[in-house]
>>> print(open('upload-v3.tsv').read())   # TSV, C-alpha atoms
chain	number	residue	atom	x	y	z
A	1342	MET	CA	106.39	232.54	64.66
A	1343	SER	CA	103.30	234.66	65.24
A	1344	LYS	CA	101.79	233.27	62.02
A	1345	SER	CA	102.13	229.64	63.17
A	1346	TYR	CA	100.89	230.62	66.63
A	1347	ASN	CA	97.88	232.24	65.02
A	1348	ILE	CA	97.13	229.10	62.99
A	1349	GLU	CA	97.50	226.89	66.07
A	1350	GLU	CA	95.07	229.13	67.88
A	1351	ARG	CA	92.56	228.94	65.04
A	1352	ILE	CA	92.87	225.13	64.88
A	1353	GLU	CA	92.20	224.89	68.61
A	1354	SER	CA	89.17	227.15	68.45
A	1355	THR	CA	87.85	225.22	65.41
A	1356	LEU	CA	88.27	221.88	67.19
A	1357	ASN	CA	86.46	223.30	70.21
A	1358	SER	CA	83.68	224.87	68.13
A	1359	VAL	CA	81.40	221.86	68.58
A	1360	ASP	CA	81.77	221.77	72.35
A	1361	GLY	CA	78.36	222.10	73.93
A	1362	ILE	CA	76.61	221.43	70.60
A	1363	GLN	CA	72.86	220.87	70.88
A	1364	ARG	CA	71.21	217.83	69.34
A	1365	ALA	CA	69.59	218.50	65.96
A	1366	GLU	CA	65.86	217.81	66.04
A	1367	ALA	CA	64.15	215.49	63.60
A	1368	SER	CA	60.99	216.54	61.81
A	1369	PRO	CA	57.87	216.36	63.98
A	1370	PHE	CA	56.21	214.47	61.12
A	1371	LEU	CA	58.80	211.69	61.16
A	1372	TYR	CA	56.46	209.13	62.74
A	1373	THR	CA	53.79	209.82	60.12
A	1374	ARG	CA	56.39	209.29	57.38
A	1375	ILE	CA	57.55	206.03	59.00
A	1376	GLU	CA	53.94	204.83	59.31
A	1377	ALA	CA	53.31	205.64	55.63
A	1378	ALA	CA	56.51	203.88	54.54
A	1379	MET	CA	55.64	200.75	56.52
A	1380	TYR	CA	52.06	200.77	55.23
A	1381	ALA	CA	53.32	201.13	51.64
A	1382	ARG	CA	55.66	198.16	52.05
A	1383	GLN	CA	52.97	196.03	53.68
A	1384	SER	CA	50.34	197.01	51.15
A	1385	THR	CA	52.68	196.08	48.26
A	1386	TRP	CA	52.83	192.52	49.61
A	1387	GLY	CA	49.16	192.60	50.56
A	1388	ARG	CA	48.16	193.58	47.01
A	1389	PHE	CA	50.38	190.86	45.58
A	1390	SER	CA	48.98	188.13	47.83
A	1391	SER	CA	45.36	189.17	47.20
A	1392	GLN	CA	46.03	188.88	43.45
A	1393	LEU	CA	47.36	185.36	44.04
A	1394	ALA	CA	44.17	184.36	45.85
A	1395	LYS	CA	41.87	185.38	42.95
A	1396	PRO	CA	40.21	182.44	41.03
A	1397	SER	CA	41.01	184.08	37.69
A	1398	PHE	CA	44.71	184.17	38.62
A	1399	ALA	CA	44.57	180.50	39.69
A	1400	LEU	CA	42.84	179.51	36.42
A	1401	ALA	CA	45.32	181.47	34.33
A	1402	THR	CA	48.21	179.86	36.20
A	1403	ALA	CA	46.74	176.37	35.68
A	1404	LEU	CA	46.32	177.06	31.95
A	1405	LEU	CA	49.87	178.34	31.73
A	1406	VAL	CA	51.15	175.19	33.46
A	1407	LEU	CA	49.16	172.99	31.00
A	1408	ILE	CA	50.53	174.92	28.00
A	1409	LEU	CA	54.05	174.67	29.34
A	1410	ASN	CA	53.60	170.93	29.95
A	1411	PHE	CA	52.28	170.40	26.41
A	1412	TRP	CA	55.13	172.44	24.94
A	1413	ALA	CA	57.74	170.64	27.05
A	1414	PHE	CA	56.33	167.22	26.05
A	1415	ASN	CA	56.34	168.14	22.36
A	1416	SER	CA	59.80	169.61	22.37
A	1417	SER	CA	61.24	166.63	24.26
A	1418	SER	CA	59.78	164.08	21.76
A	1419	THR	CA	61.13	166.15	18.84
A	1420	ASN	CA	64.50	166.23	20.53
A	1421	TYR	CA	64.42	162.45	20.96
A	1422	GLU	CA	63.76	161.87	17.26
A	1423	THR	CA	66.46	164.31	16.25
A	1424	SER	CA	69.01	162.87	18.60
A	1425	ALA	CA	68.36	159.30	17.44
A	1426	GLY	CA	68.53	160.45	13.84
A	1427	VAL	CA	65.38	158.43	13.05
A	1428	ASN	CA	61.86	159.80	12.62
A	1429	SER	CA	58.54	157.93	12.73
A	1430	SER	CA	58.31	157.36	8.94
A	1431	ASP	CA	61.80	155.84	9.00
A	1432	VAL	CA	60.68	153.42	11.70
A	1433	GLU	CA	57.60	152.42	9.63
A	1434	GLN	CA	59.77	151.84	6.58
A	1435	MET	CA	62.20	149.72	8.56
A	1436	MET	CA	59.33	147.60	9.92
A	1437	ALA	CA	57.86	147.17	6.44
A	1438	ASN	CA	61.22	146.08	5.05
A	1439	GLU	CA	61.74	143.67	7.95
A	1440	TYR	CA	58.43	141.91	7.26
A	1441	SER	CA	58.55	142.33	3.48
A	1442	LEU	CA	55.57	144.66	3.49
A	1443	THR	CA	56.98	147.28	1.19
A	1444	ASN	CA	54.97	148.40	-1.79
A	1445	THR	CA	57.45	146.90	-4.20
A	1446	ALA	CA	57.33	143.54	-2.43
A	1447	SER	CA	53.52	143.32	-2.44
A	1448	GLU	CA	53.38	144.45	-6.06
A	1449	SER	CA	55.85	141.77	-7.16
A	1450	TYR	CA	53.85	139.20	-5.18
A	1451	LEU	CA	50.61	140.22	-6.95
A	1452	ALA	CA	52.41	140.15	-10.31
A	1453	THR	CA	53.53	136.58	-9.60
A	1454	ILE	CA	49.95	135.53	-8.84
A	1455	ASP	CA	48.70	137.22	-12.02
A	1456	GLU	CA	51.30	135.38	-14.05
A	1457	LYS	CA	50.16	132.09	-12.55
B	1340	MET	CA	47.67	205.28	76.21
B	1341	TYR	CA	49.99	202.36	76.97
B	1342	LEU	CA	52.91	203.03	79.34
B	1343	PHE	CA	55.98	200.89	78.84
B	1344	LEU	CA	57.71	199.82	82.03
B	1345	ASN	CA	61.17	199.24	80.56
B	1346	ASP	CA	63.10	198.28	77.40
B	1347	GLN	CA	62.08	194.61	77.74
B	1348	ASP	CA	58.39	195.49	77.90
B	1349	LEU	CA	58.82	197.83	74.93
B	1350	ILE	CA	60.57	195.12	72.89
B	1351	ILE	CA	57.83	192.60	73.67
B	1352	GLN	CA	55.19	195.08	72.50
B	1353	LEU	CA	57.24	195.90	69.36
B	1354	LYS	CA	57.39	192.19	68.54
B	1355	LYS	CA	53.62	192.01	68.97
B	1356	GLY	CA	53.27	194.90	66.49
B	1357	ASN	CA	51.76	197.34	68.99
B	1358	PRO	CA	51.54	200.76	67.23
B	1359	GLU	CA	51.93	202.57	70.58
B	1360	ALA	CA	55.29	200.85	71.02
B	1361	TYR	CA	56.39	202.02	67.54
B	1362	LYS	CA	55.34	205.55	68.37
B	1363	THR	CA	57.15	205.48	71.72
B	1364	VAL	CA	60.40	204.28	70.11
B	1365	VAL	CA	60.26	206.95	67.40
B	1366	ASN	CA	59.44	209.77	69.81
B	1367	GLN	CA	62.07	208.68	72.31
B	1368	TRP	CA	64.98	208.17	69.90
B	1369	LYS	CA	64.24	210.10	66.70
B	1370	ASP	CA	66.42	213.09	67.62
B	1371	MET	CA	69.46	211.06	68.62
B	1372	ILE	CA	69.25	208.99	65.43
B	1373	TYR	CA	68.68	212.05	63.25
B	1374	ASN	CA	71.54	213.93	64.93
B	1375	THR	CA	73.93	210.99	64.43
B	1376	VAL	CA	72.97	210.49	60.79
B	1377	LEU	CA	73.13	214.25	60.14
B	1378	GLY	CA	76.59	214.40	61.71
B	1379	ILE	CA	77.87	211.65	59.43
B	1380	LEU	CA	76.11	212.67	56.19
B	1381	GLN	CA	75.98	216.46	56.68
B	1382	GLN	CA	72.92	216.60	54.42
B	1383	PRO	CA	69.64	217.44	56.22
B	1384	GLU	CA	67.27	216.01	53.56
B	1385	ASP	CA	69.14	212.74	53.17
B	1386	ALA	CA	69.53	212.50	56.94
B	1387	GLU	CA	65.71	212.65	57.27
B	1388	ASP	CA	65.32	209.83	54.74
B	1389	ILE	CA	67.97	207.68	56.39
B	1390	THR	CA	66.45	208.27	59.84
B	1391	GLN	CA	63.13	207.08	58.48
B	1392	ASP	CA	64.81	203.99	56.98
B	1393	VAL	CA	66.54	203.24	60.30
B	1394	PHE	CA	63.21	203.00	62.14
B	1395	VAL	CA	61.49	201.07	59.34
B	1396	GLN	CA	64.32	198.54	59.30
B	1397	ALA	CA	64.36	198.33	63.10
B	1398	PHE	CA	60.62	197.60	63.24
B	1399	GLU	CA	60.80	195.08	60.41
B	1400	SER	CA	63.72	193.20	61.94
B	1401	ILE	CA	62.74	193.52	65.61
B	1402	HIS	CA	62.30	189.71	65.75
B	1403	GLN	CA	66.05	189.38	65.11
B	1404	PHE	CA	66.87	191.63	68.07
B	1405	LYS	CA	68.19	189.30	70.78
B	1406	GLY	CA	68.33	191.86	73.57
B	1407	GLU	CA	72.09	191.44	74.06
B	1408	SER	CA	72.51	195.21	73.92
B	1409	LYS	CA	70.26	198.14	74.73
B	1410	LEU	CA	67.60	199.03	72.18
B	1411	SER	CA	69.22	202.45	71.73
B	1412	THR	CA	72.62	200.85	70.99
B	1413	TRP	CA	70.99	198.65	68.37
B	1414	LEU	CA	69.31	201.69	66.78
B	1415	TYR	CA	72.63	203.58	66.74
B	1416	ARG	CA	74.28	200.59	65.00
B	1417	ILE	CA	71.60	200.54	62.29
B	1418	ALA	CA	71.97	204.31	61.88
B	1419	VAL	CA	75.76	204.11	61.51
B	1420	THR	CA	75.56	201.20	59.03
B	1421	LYS	CA	72.91	202.93	56.92
B	1422	SER	CA	74.80	206.22	56.91
B	1423	LEU	CA	78.05	204.59	55.81
B	1424	ASP	CA	76.18	202.62	53.12
B	1425	TRP	CA	74.74	205.90	51.84
B	1426	ILE	CA	78.22	207.48	51.66
B	1427	ARG	CA	79.66	204.42	49.84
B	1428	LYS	CA	76.76	204.48	47.39
B	1429	LYS	CA	77.36	208.16	46.69
B	1430	LYS	CA	81.10	207.53	46.15
B	1431	ARG	CA	80.31	204.65	43.76
B	1432	LYS	CA	78.01	206.94	41.78
B	1433	LYS	CA	80.72	209.57	41.63
B	1434	ARG	CA	83.29	207.01	40.40
B	1435	PHE	CA	80.84	205.64	37.82
B	1436	GLY	CA	80.14	209.18	36.65
B	1437	PHE	CA	83.88	209.77	36.21
B	1438	ILE	CA	84.33	206.56	34.16
B	1439	GLN	CA	81.27	207.46	32.10
B	1440	SER	CA	82.72	210.91	31.43
B	1441	LEU	CA	85.92	209.29	30.07
B	1442	PHE	CA	83.84	207.49	27.42
B	1443	THR	CA	81.37	210.22	26.61
B	1444	GLY	CA	84.00	212.97	26.68
B	1445	GLU	CA	81.73	215.20	28.75
B	1446	SER	CA	83.46	217.13	31.49
B	1447	LEU	CA	82.46	216.00	34.95
B	1448	GLU	CA	81.40	218.67	37.39
B	1449	PRO	CA	82.93	217.92	40.80
B	1450	ILE	CA	80.18	217.01	43.27
B	1451	GLU	CA	81.13	218.86	46.43
B	1452	LEU	CA	78.98	218.90	49.51
B	1453	PRO	CA	77.43	222.29	50.18
B	1454	GLU	CA	78.71	224.14	53.24
B	1455	PHE	CA	77.11	222.49	56.24
B	1456	HIS	CA	75.80	224.32	59.26
B	1457	HIS	CA	74.71	222.10	62.12
B	1458	PRO	CA	71.57	223.59	63.71
B	1459	GLY	CA	72.83	222.85	67.23
B	1460	VAL	CA	75.98	224.98	67.03
B	1461	VAL	CA	75.91	228.33	68.84
B	1462	ILE	CA	75.95	231.34	66.49
B	1463	GLU	CA	79.45	232.60	67.40
B	1464	ASN	CA	80.93	229.18	66.51
B	1465	LYS	CA	79.01	228.67	63.25
B	1466	GLU	CA	81.89	229.57	60.93
B	1467	ASN	CA	84.52	227.50	62.74
B	1468	ALA	CA	82.15	224.54	63.09
B	1469	SER	CA	81.44	224.63	59.35
B	1470	VAL	CA	85.20	224.35	58.67
B	1471	LEU	CA	85.46	221.52	61.21
B	1472	PHE	CA	82.61	219.61	59.50
B	1473	GLN	CA	84.45	219.92	56.17
B	1474	ALA	CA	87.52	218.41	57.82
B	1475	ILE	CA	85.44	215.62	59.44
B	1476	GLN	CA	84.26	214.61	55.95
B	1477	LYS	CA	87.88	213.84	55.02
B	1478	LEU	CA	88.43	211.43	57.91
B	1479	PRO	CA	88.47	207.67	57.36
B	1480	GLU	CA	85.09	206.03	58.06
B	1481	ASN	CA	85.80	204.59	61.52
B	1482	GLN	CA	87.41	207.81	62.77
B	1483	LYS	CA	84.53	209.86	61.37
B	1484	VAL	CA	81.95	207.67	63.11
B	1485	ALA	CA	83.80	207.64	66.45
B	1486	PHE	CA	84.32	211.42	66.36
B	1487	THR	CA	80.69	212.08	65.41
B	1488	LEU	CA	79.29	209.80	68.11
B	1489	ASN	CA	81.55	211.30	70.77
B	1490	LYS	CA	81.70	214.99	69.85
B	1491	ILE	CA	78.44	215.62	67.96
B	1492	GLU	CA	76.13	213.13	69.64
B	1493	GLY	CA	77.83	213.51	73.03
B	1494	LEU	CA	78.27	209.82	73.85
B	1495	SER	CA	80.98	208.55	76.19
B	1496	TYR	CA	83.88	206.42	74.93
B	1497	ALA	CA	82.26	203.39	76.60
B	1498	GLU	CA	78.98	203.97	74.73
B	1499	VAL	CA	80.81	204.52	71.42
B	1500	ALA	CA	82.78	201.30	72.03
B	1501	GLU	CA	79.52	199.40	72.63
B	1502	ILE	CA	77.95	200.74	69.44
B	1503	LEU	CA	81.02	199.96	67.33
B	1504	GLU	CA	81.46	196.61	69.12
B	1505	THR	CA	85.02	197.31	70.17
B	1506	SER	CA	86.99	198.17	73.32
B	1507	VAL	CA	87.33	201.54	75.03
B	1508	PRO	CA	91.14	201.70	74.41
B	1509	SER	CA	90.59	201.23	70.67
B	1510	ILE	CA	88.06	204.09	70.69
B	1511	GLU	CA	90.61	206.24	72.54
B	1512	SER	CA	93.16	205.41	69.86
B	1513	LEU	CA	90.63	206.15	67.07
B	1514	MET	CA	89.80	209.50	68.63
B	1515	HIS	CA	93.47	210.37	69.03
B	1516	ARG	CA	94.13	209.61	65.35
B	1517	ALA	CA	90.98	211.47	64.31
B	1518	LYS	CA	92.11	214.60	66.18
B	1519	GLN	CA	95.61	214.35	64.70
B	1520	ASN	CA	94.17	214.10	61.19
B	1521	LEU	CA	91.78	216.98	61.83
B	1522	ARG	CA	94.69	219.13	62.99
B	1523	LYS	CA	96.54	218.35	59.75
B	1524	PHE	CA	93.51	219.16	57.56
B	1525	LEU	CA	92.81	222.35	59.47
B	1526	ALA	CA	96.47	223.44	59.33
B	1527	ASP	CA	96.40	222.94	55.54
B	1528	TYR	CA	93.12	224.81	55.28
B	1529	TYR	CA	94.27	227.82	57.28
B	1530	GLU	CA	97.66	227.90	55.53
B	1531	LYS	CA	95.94	228.02	52.13
B	1532	SER	CA	93.35	230.57	53.22
B	1533	LYS	CA	96.15	232.91	54.39
B	1534	ASP	CA	97.75	232.96	50.92
>>> encode(input="upload-v3.tsv", output="structure tokens")
Amino acid sequence: MSKSYNIEERIESTLNSVDGIQRAEASPFLYTRIEAAMYARQSTWGRFSSQLAKPSFALATALLVLILNFWAFNSSSTNYETSAGVNSSDVEQMMANEYSLTNTASESYLATIDEK
Amino acid sequence: MYLFLNDQDLIIQLKKGNPEAYKTVVNQWKDMIYNTVLGILQQPEDAEDITQDVFVQAFESIHQFKGESKLSTWLYRIAVTKSLDWIRKKKRKKRFGFIQSLFTGESLEPIELPEFHHPGVVIENKENASVLFQAIQKLPENQKVAFTLNKIEGLSYAEVAEILETSVPSIESLMHRAKQNLRKFLADYYEKSKD
């Protein structure tokens, strides 16, 4: 009985131990730290935007865009040929056959003339 | 030096980026924010960092502040959110560390908070208050926040309700449950310490 009473008493005094607690004080240098943190964040963006405004950065970006365009154009034409299953030499051959311009045809024509 | 007439004037100057307004806000509310964050985290160094983050975020998002509540209420809300985020992050790290230890086979040292002594507690209550803070750490998030705002920061139930965007009766109920849980934790603690 006295044991549980003792525990109850301790619980009560523990729960009341923060009564009249004083507010903890922040560091007096807190504002300086906040100022520095805000400046660091702003200057990160500031540095980034000033880099963007440089002519060398603009020129490099333009060159990169041109290279990417060239590469994209090349790769798309290669893809087209592959997907159709026909390359440029095949097309030439087909045209030559269509109009009887193959080497064998012209040679046989010349041979006929020679015979005559 | 610029003197701000009221909260509205202060908010206008904050939105204009007036450094005097920033300084006024920090000087006026730094202790209450630090005390709240310290009460929730119970880690002085981390509480300093979080307090700093609270003000930086407040200044950066001042344009989103609609003035529907008091500036102090808004700052308290940011402080509570940031503190709870910090605790969740720490718990995630702890869980990840445990999973990692299952794969690596290394034994995981339990990360326990060091004994916390709030600087505002009177000397004769230091020991009891330290035990109480250990028990507060075991409370569910909403009970912990309500208890800290009311008992450690000294806010009324109405002010706590405004910060947590709820009603006064629900804060009363939260506080009642928090005290019941604290009694259980403390009873366990004192029972074990007697053995």
>>> closest_residue(input="upload-v3.tsv", among="A:Glu1376, A:Glu1439, A:Asp1431, A:Glu1366", to="chain B", atoms="only C-alpha atoms")
A:Glu1366
>>> closest_residue(input="upload-v3.tsv", among="A:Gln1383, A:Thr1373, A:Asn1347, A:Thr1355", to="Tyr1361 (chain B)", atoms="all atoms listed in the file")
A:Thr1373
>>> interface_residues(input="upload-v3.tsv", of="chain B", to="chain A", cutoff="8 Å", atoms="all atoms listed in the file", output="VMD selection string")
chain B and resid 1362 1365 to 1366 1369 to 1371 1373 to 1374 1387 1391 to 1392 1394 to 1395 1457 to 1461 1464 to 1465 1467 to 1468 1470 to 1471 1490 to 1492 1522 1525 to 1526 1529 to 1530
>>> atom_distance(input="upload-v3.tsv", atom1="CA of Phe1370 (chain A)", atom2="CA of Leu1353 (chain B)")
20.3 Å
>>> closest_residue(input="upload-v3.tsv", among="B:Ser1509, B:Gln1367, B:Thr1443, B:Gln1473", to="Ala1485 (chain B)", atoms="all atoms listed in the file")
B:Ser1509
>>> atom_distance(input="upload-v3.tsv", atom1="CA of Thr1375 (chain B)", atom2="CA of Glu1454 (chain B)")
17.9 Å
>>> atom_distance(input="upload-v3.tsv", atom1="CA of Phe1389 (chain A)", atom2="CA of Ile1389 (chain B)")
26.6 Å
>>> decode(input="upload-v3.tsv", residues="region 1478-1495 of chain B", atoms="N, CA and C atoms", output="CSV table (one decimal), in the first residue's frame")
chain,number,residue,atom,x,y,z
B,1478,LEU,N,5.3,9.6,-26.1
B,1478,LEU,CA,4.0,9.9,-26.4
B,1478,LEU,C,3.8,9.9,-28.0
B,1479,PRO,N,2.5,9.7,-28.4
B,1479,PRO,CA,2.3,9.8,-29.8
B,1479,PRO,C,2.5,11.3,-30.2
B,1480,GLU,N,2.7,11.5,-31.5
B,1480,GLU,CA,3.1,12.9,-32.0
B,1480,GLU,C,2.2,14.0,-31.6
B,1481,ASN,N,0.9,13.8,-31.8
B,1481,ASN,CA,-0.1,14.9,-31.5
B,1481,ASN,C,-0.2,15.2,-30.0
B,1482,GLN,N,-0.1,14.1,-29.2
B,1482,GLN,CA,-0.1,14.3,-27.7
B,1482,GLN,C,1.2,15.0,-27.3
B,1483,LYS,N,2.3,14.6,-27.9
B,1483,LYS,CA,3.6,15.2,-27.5
B,1483,LYS,C,3.6,16.7,-27.8
B,1484,VAL,N,3.1,17.1,-29.0
B,1484,VAL,CA,3.0,18.5,-29.4
B,1484,VAL,C,2.1,19.3,-28.5
B,1485,ALA,N,0.9,18.8,-28.3
B,1485,ALA,CA,-0.1,19.5,-27.4
B,1485,ALA,C,0.5,19.7,-26.0
B,1486,PHE,N,1.1,18.7,-25.5
B,1486,PHE,CA,1.7,18.7,-24.1
B,1486,PHE,C,2.8,19.7,-24.1
B,1487,THR,N,3.7,19.7,-25.1
B,1487,THR,CA,4.8,20.6,-25.1
B,1487,THR,C,4.4,22.1,-25.2
B,1488,LEU,N,3.4,22.3,-26.2
B,1488,LEU,CA,2.9,23.7,-26.3
B,1488,LEU,C,2.3,24.2,-25.1
B,1489,ASN,N,1.5,23.4,-24.4
B,1489,ASN,CA,0.8,23.8,-23.2
B,1489,ASN,C,1.7,23.9,-22.0
B,1490,LYS,N,2.4,22.8,-21.7
B,1490,LYS,CA,3.2,22.7,-20.5
B,1490,LYS,C,4.6,23.3,-20.5
B,1491,ILE,N,5.2,23.2,-21.7
B,1491,ILE,CA,6.6,23.7,-21.8
B,1491,ILE,C,6.7,25.1,-22.3
B,1492,GLU,N,5.8,25.4,-23.3
B,1492,GLU,CA,5.8,26.7,-23.9
B,1492,GLU,C,4.8,27.6,-23.1
B,1493,GLY,N,3.9,27.0,-22.4
B,1493,GLY,CA,3.0,27.8,-21.6
B,1493,GLY,C,1.8,28.5,-22.3
B,1494,LEU,N,1.4,27.8,-23.4
B,1494,LEU,CA,0.3,28.4,-24.2
B,1494,LEU,C,-1.0,27.9,-23.6
B,1495,SER,N,-2.1,28.6,-23.8
B,1495,SER,CA,-3.4,28.2,-23.4
B,1495,SER,C,-4.0,27.2,-24.4
